[in-house]
file coords.cif (mmCIF, C-alpha atoms)
data_upload
loop_
_atom_site.label_atom_id
_atom_site.label_comp_id
_atom_site.auth_asym_id
_atom_site.auth_seq_id
_atom_site.Cartn_x
_atom_site.Cartn_y
_atom_site.Cartn_z
CA MET S 1 -13.83 6.57 -6.49
CA SER S 2 -12.27 5.15 -9.65
CA ALA S 3 -8.84 5.33 -7.95
CA PHE S 4 -10.22 3.12 -5.16
CA TRP S 5 -11.43 0.35 -7.49
CA GLU S 6 -8.29 0.70 -9.57
CA LEU S 7 -6.28 -0.09 -6.43
CA VAL S 8 -8.48 -3.12 -5.65
CA ARG S 9 -8.16 -4.27 -9.26
CA ARG S 10 -4.37 -3.94 -9.19
CA ASP S 11 -4.01 -5.94 -5.97
CA VAL S 12 -6.27 -8.70 -7.29
CA LEU S 13 -4.27 -8.75 -10.54
CA ILE S 14 -0.96 -9.00 -8.66
CA ALA S 15 -2.29 -11.78 -6.43
CA TRP S 16 -3.51 -13.62 -9.55
CA LYS S 17 -0.18 -13.23 -11.37
CA GLU S 18 2.03 -14.07 -8.41
CA GLY S 19 -0.17 -16.80 -7.02
CA GLY S 20 2.35 -17.82 -4.37
CA THR S 21 0.72 -16.20 -1.37
CA LEU S 22 -2.63 -17.79 -2.05
CA GLY S 23 -1.01 -21.17 -2.71
CA VAL S 24 0.76 -21.04 0.65
CA ALA S 25 -2.45 -20.07 2.47
CA LEU S 26 -4.48 -22.85 0.82
CA GLY S 27 -1.71 -25.40 1.39
CA PHE S 28 -1.36 -24.42 5.04
CA TYR S 29 -5.14 -24.68 5.54
CA LEU S 30 -5.11 -28.16 4.02
CA VAL S 31 -2.14 -29.35 6.09
CA VAL S 32 -3.50 -28.12 9.43
CA VAL S 33 -6.93 -29.66 8.82
CA VAL S 34 -5.44 -32.97 7.64
CA LEU S 35 -3.00 -33.27 10.55
CA LEU S 36 -5.56 -32.77 13.29
CA PRO S 37 -7.70 -35.92 12.74
CA LEU S 38 -4.48 -37.92 12.45
CA ALA S 39 -3.48 -36.70 15.89
CA LEU S 40 -6.93 -37.28 17.43
CA GLY S 41 -7.34 -40.87 16.28
CA PRO S 42 -10.25 -42.60 14.56
CA ASP S 43 -13.09 -41.28 16.73
CA LEU S 44 -15.47 -40.07 14.01
CA ASN S 45 -18.00 -38.60 16.41
CA LEU S 46 -15.38 -36.52 18.19
CA ILE S 47 -13.96 -35.25 14.90
CA ALA S 48 -17.41 -34.39 13.56
CA ARG S 49 -18.18 -32.47 16.76
CA ILE S 50 -15.03 -30.31 16.62
CA ALA S 51 -14.98 -29.94 12.81
CA PRO S 52 -16.46 -26.39 12.69
CA ALA S 53 -13.98 -25.20 15.33
CA VAL S 54 -11.05 -26.75 13.49
CA LEU S 55 -12.11 -25.23 10.18
CA TRP S 56 -12.46 -21.78 11.75
CA VAL S 57 -9.19 -21.82 13.72
CA ALA S 58 -7.22 -23.15 10.74
CA PHE S 59 -8.83 -20.46 8.59
CA LEU S 60 -7.61 -17.72 10.94
CA LEU S 61 -4.08 -19.14 11.00
CA SER S 62 -3.98 -19.42 7.20
CA ALA S 63 -5.27 -15.88 6.74
CA LEU S 64 -2.60 -14.60 9.16
CA LEU S 65 0.14 -15.97 6.90
CA SER S 66 -0.78 -13.62 4.06
CA LEU S 67 -1.77 -10.60 6.18
CA GLY S 68 1.86 -9.82 7.00
CA ARG S 69 2.49 -8.96 3.33
CA LEU S 70 -0.54 -6.68 3.01
CA PHE S 71 1.44 -3.41 3.04
CA GLU S 72 4.98 -4.76 3.14
CA SER S 73 5.57 -5.08 -0.60
CA ASP S 74 4.12 -1.62 -1.28
CA PHE S 75 6.33 -0.22 1.48
CA GLU S 76 9.47 -1.91 0.19
CA ASP S 77 9.16 -0.84 -3.43
CA GLY S 78 8.12 2.73 -2.65
CA SER S 79 4.53 2.36 -3.89
CA LEU S 80 3.15 3.31 -0.48
CA ASP S 81 4.73 6.79 -0.78
CA ILE S 82 2.98 7.35 -4.08
CA LEU S 83 -0.30 5.88 -2.80
CA ALA S 84 -0.08 8.40 0.05
CA THR S 85 0.36 11.37 -2.33
CA GLY S 86 -2.70 10.38 -4.36
CA THR S 87 -6.05 12.08 -4.05
CA LEU S 88 -7.38 9.03 -2.22
CA PRO S 89 -7.12 9.33 1.58
CA LEU S 90 -4.93 6.71 3.24
CA GLU S 91 -8.04 5.34 5.00
CA ALA S 92 -9.50 4.45 1.61
CA VAL S 93 -6.18 2.90 0.53
CA VAL S 94 -6.36 0.65 3.60
CA ALA S 95 -9.98 -0.29 2.86
CA GLY S 96 -9.16 -1.05 -0.76
CA LYS S 97 -6.25 -3.28 0.14
CA ALA S 98 -8.31 -5.08 2.80
CA ILE S 99 -11.08 -5.73 0.27
CA ALA S 100 -8.51 -7.06 -2.20
CA HIS S 101 -7.11 -9.32 0.53
CA TRP S 102 -10.57 -10.65 1.29
CA LEU S 103 -11.22 -11.35 -2.39
CA THR S 104 -7.88 -13.02 -3.05
CA THR S 105 -7.31 -14.93 0.20
CA ALA S 106 -10.48 -15.24 2.28
CA LEU S 107 -12.79 -16.19 -0.62
CA PRO S 108 -10.58 -19.07 -1.89
CA LEU S 109 -10.15 -20.32 1.70
CA ILE S 110 -13.94 -20.22 2.19
CA ALA S 111 -14.33 -22.18 -1.05
CA LEU S 112 -11.90 -24.79 0.26
CA ALA S 113 -13.56 -25.09 3.69
CA PRO S 114 -16.48 -27.38 2.62
CA VAL S 115 -14.03 -29.70 0.85
CA LEU S 116 -11.99 -29.97 4.02
CA GLY S 117 -15.26 -30.49 5.91
CA LEU S 118 -15.52 -33.82 4.11
CA LEU S 119 -12.20 -34.87 5.64
CA LEU S 120 -13.52 -33.99 9.09
CA ASN S 121 -16.78 -35.89 8.82
CA LEU S 122 -18.71 -32.62 9.04
CA ARG S 123 -22.48 -33.16 9.34
CA PRO S 124 -24.19 -32.75 5.93
CA ASP S 125 -26.54 -30.04 7.24
CA ALA S 126 -23.56 -27.98 8.49
CA TYR S 127 -22.00 -27.11 5.12
CA GLY S 128 -24.38 -24.28 4.26
CA VAL S 129 -24.19 -22.63 7.65
CA LEU S 130 -20.38 -23.03 7.75
CA VAL S 131 -19.98 -21.15 4.47
CA ALA S 132 -22.57 -18.55 5.53
CA THR S 133 -20.81 -17.79 8.83
CA MET S 134 -17.45 -17.57 7.09
CA LEU S 135 -18.78 -15.19 4.44
CA ALA S 136 -20.29 -12.97 7.14
CA GLY S 137 -17.41 -13.17 9.61
CA THR S 138 -14.22 -13.07 7.57
CA PRO S 139 -14.35 -9.43 6.39
CA ALA S 140 -13.42 -8.67 10.01
CA VAL S 141 -10.32 -10.83 9.58
CA SER S 142 -9.10 -8.88 6.54
CA PHE S 143 -9.92 -5.46 7.98
CA LEU S 144 -8.60 -6.06 11.51
CA GLY S 145 -5.63 -7.74 9.88
CA ALA S 146 -4.87 -4.47 8.09
CA ILE S 147 -4.23 -2.85 11.49
CA GLY S 148 -1.66 -5.49 12.39
CA ALA S 149 -0.09 -5.31 8.93
CA ALA S 150 0.20 -1.52 9.18
CA LEU S 151 1.76 -1.69 12.65
CA THR S 152 4.40 -4.21 11.57
CA VAL S 153 5.16 -2.85 8.08
CA ARG S 154 8.70 -1.82 9.04
CA THR S 155 9.38 -4.84 11.22
CA ARG S 156 11.63 -7.39 9.62
CA ARG S 157 10.19 -10.88 10.01
CA GLY S 158 7.05 -9.38 11.50
CA GLY S 159 5.04 -12.53 10.83
CA LEU S 160 5.01 -13.81 14.39
CA LEU S 161 4.46 -10.38 15.87
CA ILE S 162 1.41 -9.85 13.68
CA GLY S 163 -0.03 -13.12 15.02
CA LEU S 164 0.40 -11.97 18.60
CA LEU S 165 -1.22 -8.64 17.80
CA LEU S 166 -4.14 -10.02 15.83
CA LEU S 167 -5.23 -13.32 17.32
CA PRO S 168 -6.80 -11.62 20.37
CA LEU S 169 -8.71 -9.30 18.02
CA PHE S 170 -10.10 -12.32 16.17
CA VAL S 171 -11.67 -13.78 19.34
CA PRO S 172 -15.18 -12.27 18.87
CA THR S 173 -15.32 -13.44 15.25
CA LEU S 174 -14.21 -16.92 16.24
CA ILE S 175 -16.67 -17.24 19.13
CA PHE S 176 -19.72 -15.94 17.29
CA GLY S 177 -18.86 -17.89 14.16
CA ILE S 178 -18.66 -21.24 15.96
CA GLU S 179 -21.58 -20.35 18.22
CA ALA S 180 -23.75 -19.68 15.16
CA ILE S 181 -22.85 -23.03 13.58
CA GLY S 182 -23.52 -24.87 16.86
CA ALA S 183 -26.89 -23.16 17.29
CA ALA S 184 -27.94 -23.93 13.72
CA LEU S 185 -27.07 -27.61 14.12
CA SER S 186 -28.98 -27.97 17.38
CA ASP S 187 -31.92 -25.92 16.08
CA ALA S 188 -31.47 -23.48 18.93
CA ASP S 189 -33.02 -20.02 18.76
CA SER S 190 -29.68 -18.38 19.38
CA PHE S 191 -28.56 -18.80 15.74
CA ALA S 192 -29.96 -15.45 14.65
CA ALA S 193 -28.37 -13.64 17.61
CA SER S 194 -24.95 -15.17 17.03
CA PHE S 195 -25.08 -14.64 13.29
CA LEU S 196 -26.11 -11.00 13.66
CA LEU S 197 -23.35 -10.37 16.20
CA LEU S 198 -20.85 -12.02 13.85
CA SER S 199 -21.99 -9.70 11.05
CA ALA S 200 -21.87 -6.72 13.41
CA VAL S 201 -18.24 -7.47 14.28
CA SER S 202 -17.43 -7.48 10.55
CA LEU S 203 -19.26 -4.21 9.94
CA ALA S 204 -17.61 -2.54 12.93
CA ALA S 205 -14.18 -3.72 11.74
CA MET S 206 -14.84 -2.34 8.26
CA VAL S 207 -15.58 1.08 9.76
CA LEU S 208 -13.00 1.24 12.55
CA ALA S 209 -9.99 -0.54 11.05
CA PRO S 210 -9.26 1.85 8.12
CA PRO S 211 -8.65 4.94 10.28
CA ALA S 212 -6.63 2.90 12.79
CA ALA S 213 -4.46 1.29 10.12
CA ALA S 214 -4.08 4.59 8.23
CA GLY S 215 -2.85 6.24 11.43
CA ALA S 216 -0.31 3.48 11.92
CA LEU S 217 0.83 3.77 8.29
CA ARG S 218 1.28 7.56 8.53
CA PHE S 219 3.48 7.00 11.54
CA GLN S 220 5.45 4.24 9.82
CA LEU S 221 6.06 6.29 6.66
CA GLN S 222 7.90 9.01 8.59
CA MET V 1 1.28 29.57 -8.09
CA LYS V 2 4.31 30.20 -5.92
CA LEU V 3 5.64 27.74 -3.34
CA ILE V 4 6.73 29.42 -0.13
CA VAL V 5 8.73 27.67 2.58
CA ASP V 6 9.11 29.71 5.74
CA LYS V 7 11.54 28.82 8.54
CA LEU V 8 11.00 25.10 7.97
CA GLY V 9 12.39 22.73 10.57
CA VAL V 10 12.22 18.93 10.54
CA ARG V 11 13.35 16.75 13.41
CA ARG V 12 13.58 12.98 13.25
CA ASP V 13 14.27 10.89 16.32
CA GLY V 14 15.02 14.08 18.24
CA ARG V 15 17.70 15.16 15.77
CA ALA V 16 17.29 18.32 13.72
CA ILE V 17 17.68 17.35 10.06
CA LEU V 18 16.50 20.69 8.69
CA ALA V 19 16.39 23.92 10.64
CA ASP V 20 15.30 27.45 9.82
CA LEU V 21 15.07 26.83 6.08
CA SER V 22 13.33 29.50 4.00
CA PHE V 23 13.00 29.73 0.24
CA THR V 24 10.45 30.34 -2.48
CA VAL V 25 9.98 28.69 -5.85
CA GLU V 26 8.36 30.82 -8.56
CA PRO V 27 6.04 29.24 -11.13
CA GLY V 28 7.94 28.09 -14.18
CA SER V 29 11.24 27.76 -12.37
CA SER V 30 13.26 24.80 -11.18
CA LEU V 31 15.14 24.44 -7.92
CA LEU V 32 18.12 22.13 -7.51
CA VAL V 33 18.69 21.04 -3.94
CA LEU V 34 22.42 20.44 -3.50
CA GLY V 35 24.55 19.37 -0.59
CA PRO V 36 26.66 16.52 0.77
CA ASN V 37 25.19 13.14 1.74
CA GLY V 38 23.14 13.45 4.89
CA ALA V 39 22.43 17.14 4.41
CA GLY V 40 18.67 16.51 4.40
CA LYS V 41 17.84 16.67 0.68
CA THR V 42 15.53 13.65 0.74
CA THR V 43 14.00 14.82 4.03
CA LEU V 44 13.17 18.17 2.43
CA LEU V 45 11.51 16.54 -0.59
CA ARG V 46 9.51 14.11 1.57
CA THR V 47 8.36 17.00 3.77
CA LEU V 48 7.22 18.93 0.69
CA ALA V 49 5.32 15.83 -0.50
CA GLY V 50 3.54 15.65 2.85
CA LEU V 51 5.12 12.31 3.76
CA LEU V 52 6.97 13.82 6.73
CA PRO V 53 5.50 16.37 9.12
CA ALA V 54 7.26 19.70 9.52
CA THR V 55 8.15 20.25 13.17
CA ALA V 56 8.67 24.01 12.78
CA GLY V 57 7.77 26.71 10.30
CA ARG V 58 5.33 26.23 7.47
CA LEU V 59 5.08 25.71 3.75
CA TRP V 60 2.25 26.67 1.47
CA LEU V 61 1.30 27.38 -2.10
CA GLU V 62 0.39 31.00 -2.77
CA GLY V 63 -2.93 31.04 -4.61
CA GLY V 64 -3.57 27.35 -3.98
CA LYS V 65 -6.93 25.92 -3.04
CA SER V 66 -7.31 25.47 0.68
CA ASP V 67 -8.97 22.05 0.42
CA GLN V 68 -6.02 20.49 -1.41
CA SER V 69 -2.97 19.34 0.46
CA LEU V 70 0.41 20.06 -1.05
CA GLY V 71 0.97 16.32 -1.48
CA GLU V 72 -2.04 16.04 -3.79
CA LEU V 73 -0.46 18.57 -6.16
CA CYS V 74 2.94 16.85 -6.18
CA HIS V 75 4.52 14.09 -8.16
CA TYR V 76 7.11 12.46 -5.92
CA VAL V 77 9.76 10.31 -7.57
CA GLY V 78 11.98 9.01 -4.80
CA HIS V 79 14.86 6.55 -4.64
CA LEU V 80 12.44 3.66 -4.95
CA ASP V 81 10.72 3.24 -8.27
CA ALA V 82 7.24 2.07 -7.07
CA ILE V 83 7.08 -0.61 -9.75
CA LYS V 84 5.37 -3.99 -9.37
CA SER V 85 7.64 -6.56 -10.96
CA SER V 86 4.84 -9.05 -11.74
CA LEU V 87 2.90 -6.48 -13.79
CA THR V 88 3.90 -5.42 -17.28
CA VAL V 89 5.25 -1.96 -18.05
CA GLU V 90 1.84 -0.99 -19.46
CA GLU V 91 -0.11 -2.36 -16.46
CA ASN V 92 2.19 -0.50 -14.07
CA SER V 93 1.78 2.80 -15.85
CA ARG V 94 -1.97 2.36 -16.41
CA PHE V 95 -2.48 1.76 -12.71
CA TRP V 96 -0.56 4.86 -11.66
CA GLN V 97 -2.27 6.93 -14.33
CA ARG V 98 -5.75 6.06 -13.12
CA TYR V 99 -4.78 6.17 -9.46
CA LEU V 100 -3.25 9.63 -9.79
CA GLY V 101 -6.19 10.93 -11.81
CA GLY V 102 -4.70 11.06 -15.32
CA THR V 103 -6.53 10.29 -18.55
CA GLY V 104 -5.69 9.34 -22.10
CA PRO V 105 -3.45 6.64 -23.54
CA VAL V 106 -0.34 5.70 -21.55
CA ASP V 107 1.61 5.32 -24.80
CA VAL V 108 2.46 9.03 -24.90
CA ALA V 109 4.19 8.92 -21.52
CA LEU V 110 5.93 5.63 -22.31
CA ALA V 111 7.14 6.99 -25.65
CA GLY V 112 8.42 10.10 -23.86
CA PHE V 113 10.89 7.94 -21.98
CA GLY V 114 11.58 5.44 -24.76
CA LEU V 115 9.65 2.57 -23.17
CA LEU V 116 7.05 1.95 -25.86
CA ALA V 117 8.79 -1.14 -27.25
CA LEU V 118 8.90 -2.67 -23.77
CA LYS V 119 5.27 -2.10 -22.83
CA ASP V 120 4.18 -5.75 -22.86
CA ILE V 121 7.05 -7.24 -20.86
CA PRO V 122 6.87 -7.74 -17.09
CA ALA V 123 8.70 -5.03 -15.15
CA ALA V 124 10.81 -7.72 -13.46
CA TYR V 125 12.92 -7.93 -16.63
CA LEU V 126 13.72 -4.21 -16.77
CA SER V 127 17.24 -2.95 -16.04
CA ALA V 128 17.84 -0.40 -13.29
CA GLY V 129 17.89 2.43 -15.82
CA GLN V 130 14.70 1.22 -17.50
CA LYS V 131 12.94 1.01 -14.13
CA ARG V 132 14.04 4.57 -13.47
CA ARG V 133 12.57 5.62 -16.82
CA LEU V 134 9.30 3.91 -15.91
CA ALA V 135 9.19 5.72 -12.56
CA LEU V 136 9.82 9.02 -14.34
CA ALA V 137 7.12 8.23 -16.91
CA ARG V 138 4.66 8.67 -14.01
CA LEU V 139 5.36 12.42 -14.31
CA LEU V 140 3.74 12.44 -17.74
CA LEU V 141 0.85 10.08 -16.91
CA ALA V 142 -1.11 12.53 -14.77
CA PRO V 143 -0.79 16.30 -14.79
CA ARG V 144 0.47 17.69 -11.50
CA LEU V 145 1.75 21.15 -10.76
CA ILE V 146 4.80 20.33 -8.64
CA TRP V 147 7.41 17.70 -9.41
CA LEU V 148 9.64 16.51 -6.57
CA LEU V 149 12.51 14.44 -7.94
CA ASP V 150 15.08 12.69 -5.78
CA GLU V 151 18.28 12.00 -7.76
CA PRO V 152 16.25 11.82 -11.00
CA ALA V 153 19.26 11.33 -13.26
CA ALA V 154 20.79 8.43 -11.32
CA ALA V 155 21.15 5.34 -13.57
CA LEU V 156 19.88 7.24 -16.62
CA ASP V 157 21.74 7.21 -19.93
CA GLN V 158 22.18 10.36 -22.02
CA GLU V 159 19.08 9.71 -24.10
CA ALA V 160 16.90 9.35 -20.99
CA GLN V 161 18.49 12.43 -19.42
CA ALA V 162 17.54 14.37 -22.53
CA ALA V 163 13.98 12.99 -22.26
CA LEU V 164 13.85 14.10 -18.63
CA THR V 165 15.10 17.58 -19.53
CA ALA V 166 12.47 17.80 -22.27
CA ALA V 167 9.71 16.74 -19.84
CA VAL V 168 10.90 19.22 -17.20
CA THR V 169 11.12 22.02 -19.78
CA ALA V 170 7.54 21.33 -20.87
CA ARG V 171 6.29 21.30 -17.27
CA LEU V 172 8.09 24.55 -16.47
CA GLY V 173 6.69 26.10 -19.65
CA GLY V 174 3.21 25.25 -18.39
CA GLY V 175 3.82 27.16 -15.15
CA GLY V 176 4.84 24.15 -13.08
CA LEU V 177 7.45 23.92 -10.34
CA VAL V 178 10.23 21.34 -10.37
CA ILE V 179 12.36 20.65 -7.32
CA ALA V 180 15.15 18.10 -7.59
CA ALA V 181 17.77 16.81 -5.20
CA THR V 182 20.90 16.07 -7.18
CA HIS V 183 24.66 15.65 -7.15
CA GLN V 184 25.14 16.17 -10.86
CA PRO V 185 24.42 19.22 -13.03
CA LEU V 186 21.04 18.86 -14.71
CA ASP V 187 21.10 21.93 -16.93
CA TRP V 188 17.41 22.75 -16.76
CA PRO V 189 15.84 26.03 -17.82
CA ASN V 190 15.24 28.79 -15.27
CA GLU V 191 17.35 26.95 -12.72
CA HIS V 192 18.01 28.07 -9.16
CA SER V 193 19.90 26.21 -6.51
CA LEU V 194 19.65 25.71 -2.79
CA ARG V 195 22.66 24.36 -0.95
CA LEU V 196 21.94 22.44 2.24
CA GLN V 197 24.58 21.91 4.91
CA PRO V 198 24.37 19.23 7.58
CA THR V 199 22.90 21.02 10.58
CA ALA V 200 24.50 20.95 13.98
CA ARG V 201 23.01 17.74 15.39
CA ALA V 202 22.12 19.15 18.80
CA ALA V 203 19.62 17.00 20.61
#
call {"tool": "encode", "arguments": {"input": "coords.cif", "output": "structure tokens"}}
result
Amino acid sequence: MSAFWELVRRDVLIAWKEGGTLGVALGFYLVVVVLLPLALGPDLNLIARIAPAVLWVAFLLSALLSLGRLFESDFEDGSLDILATGTLPLEAVVAGKAIAHWLTTALPLIALAPVLGLLLNLRPDAYGVLVATMLAGTPAVSFLGAIGAALTVRTRRGGLLIGLLLLPLFVPTLIFGIEAIGAALSDADSFAASFLLLSAVSLAAMVLAPPAAAGALRFQLQ
Amino acid sequence: MKLIVDKLGVRRDGRAILADLSFTVEPGSSLLVLGPNGAGKTTLLRTLAGLLPATAGRLWLEGGKSDQSLGELCHYVGHLDAIKSSLTVEENSRFWQRYLGGTGPVDVALAGFGLLALKDIPAAYLSAGQKRRLALARLLLAPRLIWLLDEPAAALDQEAQAALTAAVTARLGGGGLVIAATHQPLDWPNEHSLRLQPTARAA
């Protein structure tokens, strides 16, 4: 088990020292969210109504940017070979790297989301539920993303391919996430159902993605 | 424990890279895998490390535990050095030590390959030979029975080659097995050699 947390610790340390990947993701999130109201014009009610959807979609796009590199650098410098000969099964390696991705990319993006909410005239009572749905829903993004990253690890310029592979998989998270926010704002009873389904998608992804991604990696290492 | 390879065959993309290969490696002895480029030396080492599946034959460790895969008993030092350039020499080696199940200070392993003075600098500033030394230092960070080395002496100066020979000698003295693919004489104790020829590439 110590090998697992050592791997998480290393990935967090590398992300902290390199910084570039996170900077790009945060910058991209900011740019997308800023551009959209400019394109829509000064209709504050319209912008406030679509704000949760914009924040979620832009989040997914920003997270995609960094997912392509999840296994690529370890593959290129030979670390993946050594990780595979460790006592830790490859499934656990995948889980560790997905957790590190969530900590280093998803968490900062979630922290930025309420700030960007200000730019979108997000309703004051929506901030808490926005952050709550993102915290519950985004582990699915990192774990499902690991499948796409594993499948494209040998593909040069696999960034676009990973988007095509992953965006359909993100649909349940996106729908339940926005549904939960909408229900909370209109005081509908369906909030609990949507929020629980959102959490269930995350839990299922955390269980199912590691074996799938590990299978893809074993194939790619050959 | 004795490593036995029996009628091993490896195919990649439908081409036979290795076919009908049998050999044994006794504890405390080293095996040099020789042969021209493309003869399958790296393929053999990666198969032994469990990174490539054998398509024919089998390989096993006589007297080994059944719940441990061969890969878990091997150190594999390939062409790539598995070094993170943003981490320091010490951070790199500490990670691999803990990941591979070693204990104790990393200084001993770093000193073994003459890297102690460099331990606080980021690995990005290391030369090719120094990176190679750092990759080889992994051998000393965690104890493992079998060492699989792919061109271990490439880019090494004489001092580092002597350090490698000393490390290999110590491992062999402790009953370990060392298998290296090489083009240059390594002059290790208890040395045997296996010459690979490019197989007929019948589809």
call {"tool": "resolve_selection", "arguments": {"input": "coords.cif", "expression": "the PyMOL selection byres ((chain S and resi 126) around 10)", "output": "ChimeraX atom specification"}}
result
/S:51-52,114,117,122-125,127-132,181-182,184-185
call {"tool": "resolve_selection", "arguments": {"input": "coords.cif", "expression": "the PyMOL selection byres ((chain V and resi 83) around 8)", "output": "list in words"}}
result
Asp77, Gly78 and Ser79 of chain S; Asp81, Ala82, Lys84, Ser85, Asn92, Ala123, Lys131, Leu134 and Ala135 of chain V
call {"tool": "write_last_selection", "arguments": {"input": "coords.cif", "atoms": "C-alpha atoms", "output": "short mmCIF file (atom, residue, chain, number, x, y, z; two decimals), keeping the file's coordinate frame"}}
result
data_model
loop_
_atom_site.label_atom_id
_atom_site.label_comp_id
_atom_site.auth_asym_id
_atom_site.auth_seq_id
_atom_site.Cartn_x
_atom_site.Cartn_y
_atom_site.Cartn_z
CA ASP S 77 9.16 -0.84 -3.43
CA GLY S 78 8.12 2.73 -2.65
CA SER S 79 4.53 2.36 -3.89
CA ASP V 81 10.72 3.24 -8.27
CA ALA V 82 7.24 2.07 -7.07
CA LYS V 84 5.37 -3.99 -9.37
CA SER V 85 7.64 -6.56 -10.96
CA ASN V 92 2.19 -0.50 -14.07
CA ALA V 123 8.70 -5.03 -15.15
CA LYS V 131 12.94 1.01 -14.13
CA LEU V 134 9.30 3.91 -15.91
CA ALA V 135 9.19 5.72 -12.56
#
call {"tool": "atom_distance", "arguments": {"input": "coords.cif", "atom1": "atom CA of Thr152 of chain S", "atom2": "atom CA of Gly101 of chain V"}}
result
29.8 Å
call {"tool": "residues_around", "arguments": {"input": "coords.cif", "residues": "segment 156-169 of chain V", "least_positions_apart": "2", "cutoff": "7 Å", "atoms": "only C-alpha atoms", "output": "list in words"}}
result
Gly112, Phe113, Gly129, Ala153, Ala154, Arg171, Leu172, Gly173, Trp188 and Pro189 of chain V
call {"tool": "resolve_selection", "arguments": {"input": "coords.cif", "expression": "the PyMOL selection byres ((chain V) within 9 of (chain S))", "output": "PyMOL selection string"}}
result
chain V and resi 12+46+49-53+68+70-84+86-87+91-92+95-96+98-101
call {"tool": "residues_around", "arguments": {"input": "coords.cif", "residues": "Val207 of chain S", "least_positions_apart": "3", "cutoff": "12 Å", "atoms": "only C-alpha atoms", "output": "VMD selection string"}}
result
chain S and resid 91 to 92 94 to 95 98 139 to 140 143 to 144 200 to 204 210 to 213
call {"tool": "axis_aligned_box", "arguments": {"input": "coords.cif", "around": "segment 40-48 of chain S", "padding_each_side": "6 Å", "output": "JSON"}}
result
{"center_x": -12.5, "center_y": -38.5, "center_z": 15.9, "size_x": 23.1, "size_y": 20.2, "size_z": 16.6}
call {"tool": "atom_distance", "arguments": {"input": "coords.cif", "atom1": "atom CA of Thr182 of chain V", "atom2": "atom CA of Phe71 of chain S"}}
result
29.4 Å
call {"tool": "residues_near_point", "arguments": {"input": "coords.cif", "point": "(1.2, 24.7, -12.9)", "cutoff": "7 Å", "atoms": "only C-alpha atoms", "output": "list of chain:residue names"}}
result
V:Met1, V:Pro27, V:Leu145, V:Gly174, V:Gly175, V:Gly176, V:Leu177
call {"tool": "closest_residue", "arguments": {"input": "coords.cif", "among": "V:Gly9, V:Gly28, V:Gly14, V:Pro36", "to": "Arg195 of chain V", "atoms": "only C-alpha atoms"}}
result
V:Pro36
call {"tool": "residues_around", "arguments": {"input": "coords.cif", "residues": "Lys7 of chain V", "least_positions_apart": "2", "cutoff": "12 Å", "atoms": "all atoms listed in the file", "output": "list in words"}}
result
Ile4, Val5, Gly9, Val10, Leu18, Ala19, Asp20, Leu21, Ser22, Phe23, Thr24, Ala54, Thr55, Ala56, Gly57, Arg58, Leu59 and Trp60 of chain V
call {"tool": "write_last_selection", "arguments": {"input": "coords.cif", "atoms": "C-alpha atoms", "output": "JSON list (two decimals), in the coordinates of the input"}}
result
[["chain", "number", "residue", "atom", "x", "y", "z"],
["V", 4, "ILE", "CA", 6.73, 29.42, -0.13],
["V", 5, "VAL", "CA", 8.73, 27.67, 2.58],
["V", 9, "GLY", "CA", 12.39, 22.73, 10.57],
["V", 10, "VAL", "CA", 12.22, 18.93, 10.54],
["V", 18, "LEU", "CA", 16.50, 20.69, 8.69],
["V", 19, "ALA", "CA", 16.39, 23.92, 10.64],
["V", 20, "ASP", "CA", 15.30, 27.45, 9.82],
["V", 21, "LEU", "CA", 15.07, 26.83, 6.08],
["V", 22, "SER", "CA", 13.33, 29.50, 4.00],
["V", 23, "PHE", "CA", 13.00, 29.73, 0.24],
["V", 24, "THR", "CA", 10.45, 30.34, -2.48],
["V", 54, "ALA", "CA", 7.26, 19.70, 9.52],
["V", 55, "THR", "CA", 8.15, 20.25, 13.17],
["V", 56, "ALA", "CA", 8.67, 24.01, 12.78],
["V", 57, "GLY", "CA", 7.77, 26.71, 10.30],
["V", 58, "ARG", "CA", 5.33, 26.23, 7.47],
["V", 59, "LEU", "CA", 5.08, 25.71, 3.75],
["V", 60, "TRP", "CA", 2.25, 26.67, 1.47]]
call {"tool": "residues_around", "arguments": {"input": "coords.cif", "residues": "Gln197 of chain V", "least_positions_apart": "2", "cutoff": "10 Å", "atoms": "only C-alpha atoms", "output": "number ranges by chain"}}
result
V: 17-18, 34-41, 194-195, 199-200
call {"tool": "atom_distance", "arguments": {"input": "coords.cif", "atom1": "atom CA of Thr138 of chain S", "atom2": "atom CA of Leu160 of chain S"}}
result
20.4 Å
call {"tool": "residues_around", "arguments": {"input": "coords.cif", "residues": "Gly68 of chain S", "least_positions_apart": "3", "cutoff": "7 Å", "atoms": "all atoms listed in the file", "output": "list in words"}}
result
Leu64, Leu65, Ala149, Gly158, Gly159 and Ile162 of chain S
